[in-house]
file run02.cif (mmCIF, C-alpha atoms and all ligand atoms)
data_work
#
loop_
_atom_site.label_atom_id
_atom_site.label_comp_id
_atom_site.auth_asym_id
_atom_site.auth_seq_id
_atom_site.Cartn_x
_atom_site.Cartn_y
_atom_site.Cartn_z
CA MET A 24 30.32 -161.58 -20.46
CA THR A 25 33.54 -162.69 -22.06
CA ASP A 26 34.49 -166.29 -22.59
CA ASP A 27 36.71 -167.70 -19.86
CA SER A 28 39.18 -169.18 -22.30
CA GLU A 29 39.61 -165.93 -24.22
CA PRO A 30 43.28 -164.86 -24.09
CA ALA A 31 44.03 -161.59 -22.34
CA PRO A 32 43.97 -158.79 -24.91
CA ASP A 33 47.14 -157.22 -26.24
CA THR A 34 45.83 -153.69 -25.83
CA LYS A 35 47.83 -150.47 -26.15
CA LEU A 36 47.60 -149.90 -22.39
CA THR A 37 48.84 -153.44 -21.69
CA ARG A 38 51.83 -152.89 -23.99
CA THR A 39 52.53 -149.47 -22.43
CA LYS A 40 52.46 -150.89 -18.91
CA GLU A 41 54.78 -153.75 -19.93
CA GLY A 42 57.19 -151.09 -21.24
CA TRP A 43 57.07 -149.22 -17.91
CA ALA A 44 58.05 -152.41 -16.13
CA ARG A 45 61.06 -152.85 -18.44
CA GLU A 46 62.21 -149.23 -17.93
CA GLY A 47 61.49 -149.02 -14.20
CA ARG A 48 59.28 -145.96 -14.84
CA PHE A 49 58.10 -143.90 -11.82
CA LEU A 50 60.66 -145.38 -9.39
CA THR A 51 61.82 -142.75 -6.87
CA GLY A 52 64.17 -144.95 -4.82
CA ARG A 53 62.47 -143.71 -1.64
CA THR A 54 60.88 -145.88 1.00
CA SER A 55 58.30 -144.67 3.49
CA ARG A 56 55.94 -146.21 5.98
CA PRO A 57 52.18 -145.85 6.14
CA GLU A 58 52.37 -144.70 9.78
CA THR A 59 54.44 -141.61 8.90
CA GLU A 60 53.43 -140.80 5.34
CA ARG A 61 49.98 -141.41 3.99
CA LEU A 62 50.94 -140.93 0.33
CA PRO A 63 53.44 -143.60 -0.82
CA PRO A 64 56.57 -142.49 -2.75
CA GLY A 65 56.01 -141.60 -6.41
CA GLN A 66 52.22 -141.33 -6.02
CA HIS A 67 49.94 -138.31 -6.58
CA LEU A 68 46.44 -137.75 -5.26
CA VAL A 69 43.36 -137.83 -7.44
CA LYS A 70 39.80 -136.88 -6.48
CA ASN A 71 38.03 -138.81 -9.21
CA TRP A 72 38.20 -142.60 -9.43
CA PRO A 73 39.95 -143.75 -12.62
CA VAL A 74 38.92 -146.99 -14.32
CA LEU A 75 41.82 -149.34 -15.09
CA ASP A 76 41.49 -152.79 -16.55
CA LEU A 77 42.20 -154.85 -19.66
CA GLY A 78 39.50 -153.03 -21.59
CA LEU A 79 36.88 -155.74 -21.25
CA THR A 80 34.00 -155.00 -18.94
CA PRO A 81 32.21 -158.26 -18.22
CA ASP A 82 28.49 -157.90 -17.65
CA VAL A 83 27.87 -160.27 -14.75
CA SER A 84 24.47 -159.74 -13.21
CA THR A 85 24.03 -160.56 -9.52
CA ASP A 86 21.76 -163.44 -10.71
CA ARG A 87 24.51 -165.08 -12.69
CA TRP A 88 27.49 -164.20 -10.49
CA ARG A 89 29.15 -167.18 -8.78
CA LEU A 90 32.29 -167.26 -6.67
CA THR A 91 34.17 -170.57 -6.53
CA ILE A 92 36.50 -170.99 -3.55
CA ASN A 93 38.56 -174.15 -3.74
CA GLY A 94 42.02 -175.70 -3.64
CA ALA A 95 43.77 -176.41 -0.34
CA VAL A 96 40.73 -175.85 1.89
CA GLU A 97 38.64 -178.09 4.13
CA GLU A 98 35.30 -176.66 2.98
CA PRO A 99 35.24 -175.61 -0.70
CA GLN A 100 32.41 -173.23 -1.60
CA ILE A 101 30.44 -172.00 -4.55
CA TRP A 102 28.70 -168.83 -3.45
CA ASP A 103 25.91 -167.16 -5.35
CA PHE A 104 25.13 -163.53 -4.57
CA ALA A 105 22.51 -164.41 -1.92
CA LYS A 106 25.01 -166.66 -0.12
CA PHE A 107 27.62 -163.91 -0.31
CA LEU A 108 25.17 -161.47 1.32
CA MET A 109 24.50 -163.99 4.11
CA GLN A 110 28.12 -163.70 5.32
CA PRO A 111 28.88 -161.25 8.16
CA ARG A 112 29.06 -157.74 6.78
CA SER A 113 32.07 -155.44 7.19
CA GLU A 114 32.76 -151.81 6.37
CA GLU A 115 36.14 -150.19 5.85
CA THR A 116 37.34 -146.81 4.63
CA THR A 117 40.66 -147.23 2.83
CA ASP A 118 43.05 -145.55 0.37
CA ILE A 119 43.71 -146.82 -3.15
CA HIS A 120 47.24 -146.81 -4.62
CA CYS A 121 47.55 -147.71 -8.30
CA VAL A 122 50.98 -148.56 -9.72
CA THR A 123 50.33 -146.06 -12.55
CA THR A 124 50.94 -143.43 -9.75
CA TRP A 125 47.45 -142.26 -8.77
CA SER A 126 46.16 -142.64 -5.22
CA ARG A 127 42.66 -141.95 -3.94
CA TYR A 128 41.90 -141.45 -0.25
CA ASP A 129 38.91 -142.44 1.86
CA ASN A 130 36.96 -144.99 -0.15
CA ARG A 131 34.14 -146.41 1.93
CA TRP A 132 33.51 -150.07 1.15
CA GLY A 133 30.88 -152.58 2.21
CA GLY A 134 31.23 -156.32 1.87
CA VAL A 135 32.73 -159.41 3.45
CA ALA A 136 36.11 -159.43 5.21
CA THR A 137 38.55 -161.97 3.78
CA ARG A 138 38.92 -163.22 7.36
CA GLU A 139 35.25 -164.24 7.39
CA LEU A 140 35.79 -166.16 4.15
CA LEU A 141 38.85 -167.86 5.66
CA ALA A 142 36.80 -168.92 8.68
CA VAL A 143 34.25 -170.56 6.38
CA VAL A 144 36.60 -172.43 4.02
CA GLN A 145 39.31 -173.30 6.58
CA PRO A 146 42.53 -173.35 4.55
CA LYS A 147 44.66 -176.45 5.06
CA SER A 148 47.88 -175.98 7.01
CA ASP A 149 50.02 -176.08 3.85
CA ALA A 150 47.96 -173.44 2.01
CA ALA A 151 50.36 -170.50 1.59
CA PHE A 152 49.06 -168.60 -1.47
CA VAL A 153 45.85 -167.58 -3.16
CA ALA A 154 45.27 -167.34 -6.91
CA LEU A 155 42.42 -165.01 -7.89
CA SER A 156 40.67 -165.10 -11.24
CA SER A 157 38.06 -162.86 -12.77
CA TYR A 158 35.27 -162.85 -15.34
CA ASP A 159 37.40 -160.85 -17.81
CA GLY A 160 40.20 -163.44 -17.85
CA TYR A 161 42.36 -161.43 -15.41
CA SER A 162 44.33 -163.15 -12.67
CA THR A 163 46.52 -162.10 -9.76
CA ASN A 164 48.20 -163.78 -6.78
CA LEU A 165 48.69 -163.04 -3.08
CA SER A 166 50.31 -164.69 -0.13
CA ILE A 167 47.72 -166.00 2.28
CA GLU A 168 48.97 -163.46 4.86
CA ASP A 169 48.36 -160.54 2.49
CA PHE A 170 44.94 -161.94 1.55
CA ALA A 171 44.10 -162.27 5.27
CA ALA A 172 44.98 -158.65 6.12
CA GLU A 173 42.61 -157.19 8.70
CA ASP A 174 41.16 -154.61 6.28
CA ALA A 175 41.08 -156.78 3.13
CA MET A 176 37.55 -157.44 1.85
CA LEU A 177 35.38 -158.80 -0.93
CA VAL A 178 33.40 -155.66 -1.69
CA HIS A 179 30.05 -155.12 -3.36
CA GLU A 180 29.34 -151.57 -2.15
CA TRP A 181 31.16 -148.28 -2.51
CA GLU A 182 29.99 -145.15 -0.69
CA GLY A 183 26.79 -146.94 0.32
CA ARG A 184 25.81 -147.90 -3.22
CA PRO A 185 26.27 -151.08 -5.28
CA LEU A 186 29.77 -151.18 -6.76
CA ASP A 187 29.66 -149.93 -10.37
CA ARG A 188 30.18 -152.51 -13.05
CA GLU A 189 33.19 -150.59 -14.43
CA HIS A 190 34.85 -150.83 -10.99
CA GLY A 191 34.35 -154.58 -10.75
CA GLY A 192 30.74 -155.07 -9.68
CA PRO A 193 29.01 -157.13 -8.54
CA VAL A 194 31.98 -158.21 -6.35
CA ARG A 195 35.68 -157.35 -6.36
CA LEU A 196 38.58 -157.83 -3.99
CA MET A 197 39.97 -154.83 -2.03
CA VAL A 198 43.43 -155.22 -0.46
CA PRO A 199 44.40 -151.70 0.62
CA HIS A 200 48.02 -152.28 1.70
CA LEU A 201 49.15 -153.39 -1.79
CA TYR A 202 49.02 -151.73 -5.22
CA PHE A 203 45.52 -151.92 -6.62
CA TRP A 204 46.32 -154.43 -9.38
CA LYS A 205 46.14 -157.08 -6.62
CA SER A 206 42.48 -156.15 -6.06
CA ALA A 207 40.81 -158.29 -8.71
CA LYS A 208 37.58 -156.88 -10.17
CA TRP A 209 34.62 -159.11 -11.24
CA LEU A 210 35.88 -161.80 -8.91
CA LYS A 211 35.14 -165.33 -10.10
CA ALA A 212 37.39 -167.76 -8.25
CA ILE A 213 39.77 -167.94 -5.31
CA GLU A 214 42.07 -170.93 -5.29
CA PHE A 215 44.10 -171.70 -2.17
CA ARG A 216 47.48 -173.11 -3.14
CA THR A 217 50.61 -174.63 -1.67
CA LYS A 218 52.66 -173.08 -4.50
CA ASP A 219 52.52 -169.52 -5.79
CA GLN A 220 51.05 -168.81 -9.22
CA PRO A 221 51.98 -165.40 -10.68
CA GLY A 222 49.06 -163.62 -12.35
CA PHE A 223 48.50 -161.39 -15.38
CA TRP A 224 50.74 -158.46 -14.39
CA GLU A 225 53.12 -160.53 -12.29
CA VAL A 226 54.24 -162.42 -15.42
CA ARG A 227 54.54 -159.12 -17.33
CA GLY A 228 57.28 -157.48 -15.28
CA TYR A 229 55.30 -156.35 -12.23
CA HIS A 230 56.36 -157.17 -8.68
CA ASN A 231 55.11 -160.37 -7.10
CA ARG A 232 54.00 -158.58 -3.89
CA GLY A 233 53.46 -154.89 -4.72
CA ASP A 234 53.94 -152.95 -1.46
CA PRO A 235 53.42 -149.25 -2.38
CA TRP A 236 55.47 -147.92 0.57
CA ALA A 237 58.49 -149.97 -0.55
CA GLU A 238 57.75 -149.06 -4.19
CA GLU A 239 57.53 -152.68 -5.20
CA ARG A 240 56.36 -151.74 -8.69
CA TYR A 241 58.42 -154.07 -10.88
CA SER A 242 60.00 -157.46 -10.57
CA ASP A 243 63.58 -156.14 -10.58
N1 LIG B 301 39.42 -158.38 -13.29
C1 LIG B 301 40.30 -157.38 -13.31
N2 LIG B 301 40.68 -156.85 -12.13
C2 LIG B 301 41.57 -155.84 -12.11
C3 LIG B 301 42.15 -155.34 -13.30
C4 LIG B 301 41.73 -155.94 -14.52
O1 LIG B 301 42.19 -155.59 -15.63
N3 LIG B 301 40.80 -156.95 -14.48
N4 LIG B 301 43.07 -154.31 -13.24
C5 LIG B 301 43.73 -154.06 -11.96
C6 LIG B 301 44.39 -152.77 -11.93
S1 LIG B 301 45.87 -152.63 -12.74
C7 LIG B 301 43.90 -151.74 -11.18
S2 LIG B 301 44.77 -150.30 -10.95
C8 LIG B 301 42.57 -151.80 -10.55
C9 LIG B 301 41.70 -150.67 -11.06
O2 LIG B 301 40.45 -150.68 -10.44
P1 LIG B 301 39.43 -149.53 -10.80
O3 LIG B 301 39.17 -149.60 -12.28
O4 LIG B 301 38.20 -149.77 -10.00
O5 LIG B 301 40.10 -148.22 -10.45
O6 LIG B 301 41.92 -153.03 -10.81
C10 LIG B 301 42.75 -154.15 -10.80
N5 LIG B 301 41.92 -155.31 -10.91
MO MO B 302 46.79 -150.54 -11.93
#
call {"tool": "encode", "arguments": {"input": "run02.cif", "output": "structure tokens", "more": "lines below"}}
Ligand SMILES: Nc1nc2c(c(=O)[nH]1)N[C@H]1C(S)=C(S)[C@@H](COP(=O)(O)O)O[C@H]1N2
Ligand SMILES: [Mo]
result
Amino acid sequence: MTDDSEPAPDTKLTRTKEGWAREGRFLTGRTSRPETERLPPGQHLVKNWPVLDLGLTPDVSTDRWRLTINGAVEEPQIWDFAKFLMQPRSEETTDIHCVTTWSRYDNRWGGVATRELLAVVQPKSDAAFVALSSYDGYSTNLSIEDFAAEDAMLVHEWEGRPLDREHGGPVRLMVPHLYFWKSAKWLKAIEFRTKDQPGFWEVRGYHNRGDPWAEERYSD
């Protein structure tokens, strides 16, 4: 496991993706809606499941995994893996859309719906954003509405098996209506906030929201 205070690495991929944001790479200028077009503009389908991250793969066993949920909530939580498994279970089959232009259809997930988590922690009325942080030092941000999407989940299973470590196991976020960089792997903390806090890619030229059908790839 990597140290929490370790700065995010300046890898070749990180520098390349920052360059894409500056150039507006892959923008088609088209807009489409999920109801009419399953594949968002500028995306292509893949059958395999690529691994994308900062190049660190934290080794967090289910024994040592903890999820801290705090900030503007009535009932802050620290869940261990057993407590996570005690929450009502959900299953969803969703598509993945990565900003680097690959999409993958029909991923079957098992885990806990974000709506179940919201029911437990009870966000205060002025909580408008969530800040997610991960065991590799990664961070990302969502509006509370996007976090609360009906099909958004904290997932620990993929295709009926434990989620692979390289894909964010033991537990990652899965928010299917936004680009996949919003779906933090190796989830460590969820902070409910009254003010937004842009994350790793959001401060490096990527869009604050990231709707694939509106091609919200970059910040301008
Ligand atoms: N903790 C963490 N979560 C992360 C990332 C990361 O580097 N660290 N990368 C994001 C990006 S850019 C993508 S496309 C997806 C990739 O998930 P996958 O490797 O399972 O395909 O994870 C997202 N979540
Ligand atoms: Mo990505």
call {"tool": "closest_residue", "arguments": {"input": "run02.cif", "among": "A:Ser113, A:Pro63, A:Phe152, A:Trp72", "to": "A:Glu214", "atoms": "all atoms listed in the file"}}
result
A:Phe152
call {"tool": "atom_distance", "arguments": {"input": "run02.cif", "atom1": "atom CA of A:Asp82", "atom2": "atom CA of A:Gly191"}}
result
9.6 Å
call {"tool": "residues_near_ligand", "arguments": {"input": "run02.cif", "ligand": "ligand MO 302 (chain B)", "cutoff": "7 Å", "atoms": "all atoms listed in the file", "output": "ChimeraX atom specification"}}
result
/A:75,121-123,203-204
call {"tool": "residues_near_ligand", "arguments": {"input": "run02.cif", "ligand": "ligand LIG 301 (chain B)", "cutoff": "10 Å", "atoms": "only C-alpha atoms and all ligand atoms", "output": "NGL selection string"}}
result
:A and (31-32 or 37 or 40 or 71-81 or 119-127 or 155-163 or 186-192 or 195-197 or 202-211 or 223-224)
call {"tool": "residues_around", "arguments": {"input": "run02.cif", "residues": "stretch 168-174 of chain A", "least_positions_apart": "4", "cutoff": "10 Å", "atoms": "all atoms listed in the file", "output": "list of chain:residue names"}}
result
A:Ser113, A:Glu114, A:Glu115, A:Thr116, A:Thr117, A:Ala136, A:Thr137, A:Arg138, A:Glu139, A:Leu140, A:Leu141, A:Ala151, A:Phe152, A:Val153, A:Asn164, A:Leu196, A:Met197, A:Val198, A:Pro199, A:His200, A:Leu201, A:Lys205, A:Ser206, A:Arg232
call {"tool": "closest_residue", "arguments": {"input": "run02.cif", "among": "A:Ala237, A:Ala44, A:Leu68, A:Leu90", "to": "A:Leu177", "atoms": "only C-alpha atoms"}}
result
A:Leu90
call {"tool": "atom_distance", "arguments": {"input": "run02.cif", "atom1": "atom CA of A:Gln110", "atom2": "atom CA of A:Glu98"}}
result
15.0 Å
call {"tool": "atom_distance", "arguments": {"input": "run02.cif", "atom1": "atom CA of A:Pro99", "atom2": "atom CA of A:Arg131"}}
result
29.3 Å
call {"tool": "closest_residue", "arguments": {"input": "run02.cif", "among": "A:Leu165, A:Asn231, A:Pro64, A:Leu36", "to": "A:Thr51", "atoms": "all atoms listed in the file"}}
result
A:Pro64
call {"tool": "closest_residue", "arguments": {"input": "run02.cif", "among": "A:Ser242, A:Lys106, A:His67, A:Thr59", "to": "A:Val135", "atoms": "only C-alpha atoms"}}
result
A:Lys106
call {"tool": "closest_residue", "arguments": {"input": "run02.cif", "among": "A:Ala175, A:Val96, A:Val83, A:Met109", "to": "A:Arg216", "atoms": "all atoms listed in the file"}}
result
A:Val96
call {"tool": "residues_around", "arguments": {"input": "run02.cif", "residues": "A:Glu239", "least_positions_apart": "3", "cutoff": "6 Å", "atoms": "all atoms listed in the file", "output": "mmCIF file with C-alpha atoms, in the coordinates of the input"}}
result
data_model
loop_
_atom_site.group_PDB
_atom_site.id
_atom_site.type_symbol
_atom_site.label_atom_id
_atom_site.label_comp_id
_atom_site.auth_asym_id
_atom_site.auth_seq_id
_atom_site.Cartn_x
_atom_site.Cartn_y
_atom_site.Cartn_z
ATOM 1 C CA HIS A 230 56.360 -157.170 -8.680
ATOM 2 C CA GLY A 233 53.460 -154.890 -4.720
ATOM 3 C CA ASP A 234 53.940 -152.950 -1.460
#
call {"tool": "axis_aligned_box", "arguments": {"input": "run02.cif", "around": "stretch 107-122 of chain A", "padding_each_side": "8 Å", "output": "JSON"}}
result
{"center_x": 37.7, "center_y": -154.8, "center_z": -0.8, "size_x": 42.5, "size_y": 34.4, "size_z": 33.9}
call {"tool": "closest_residue", "arguments": {"input": "run02.cif", "among": "A:Gln145, A:Ser166, A:Asn130, A:Ser84", "to": "A:Gln100", "atoms": "all atoms listed in the file"}}
result
A:Gln145
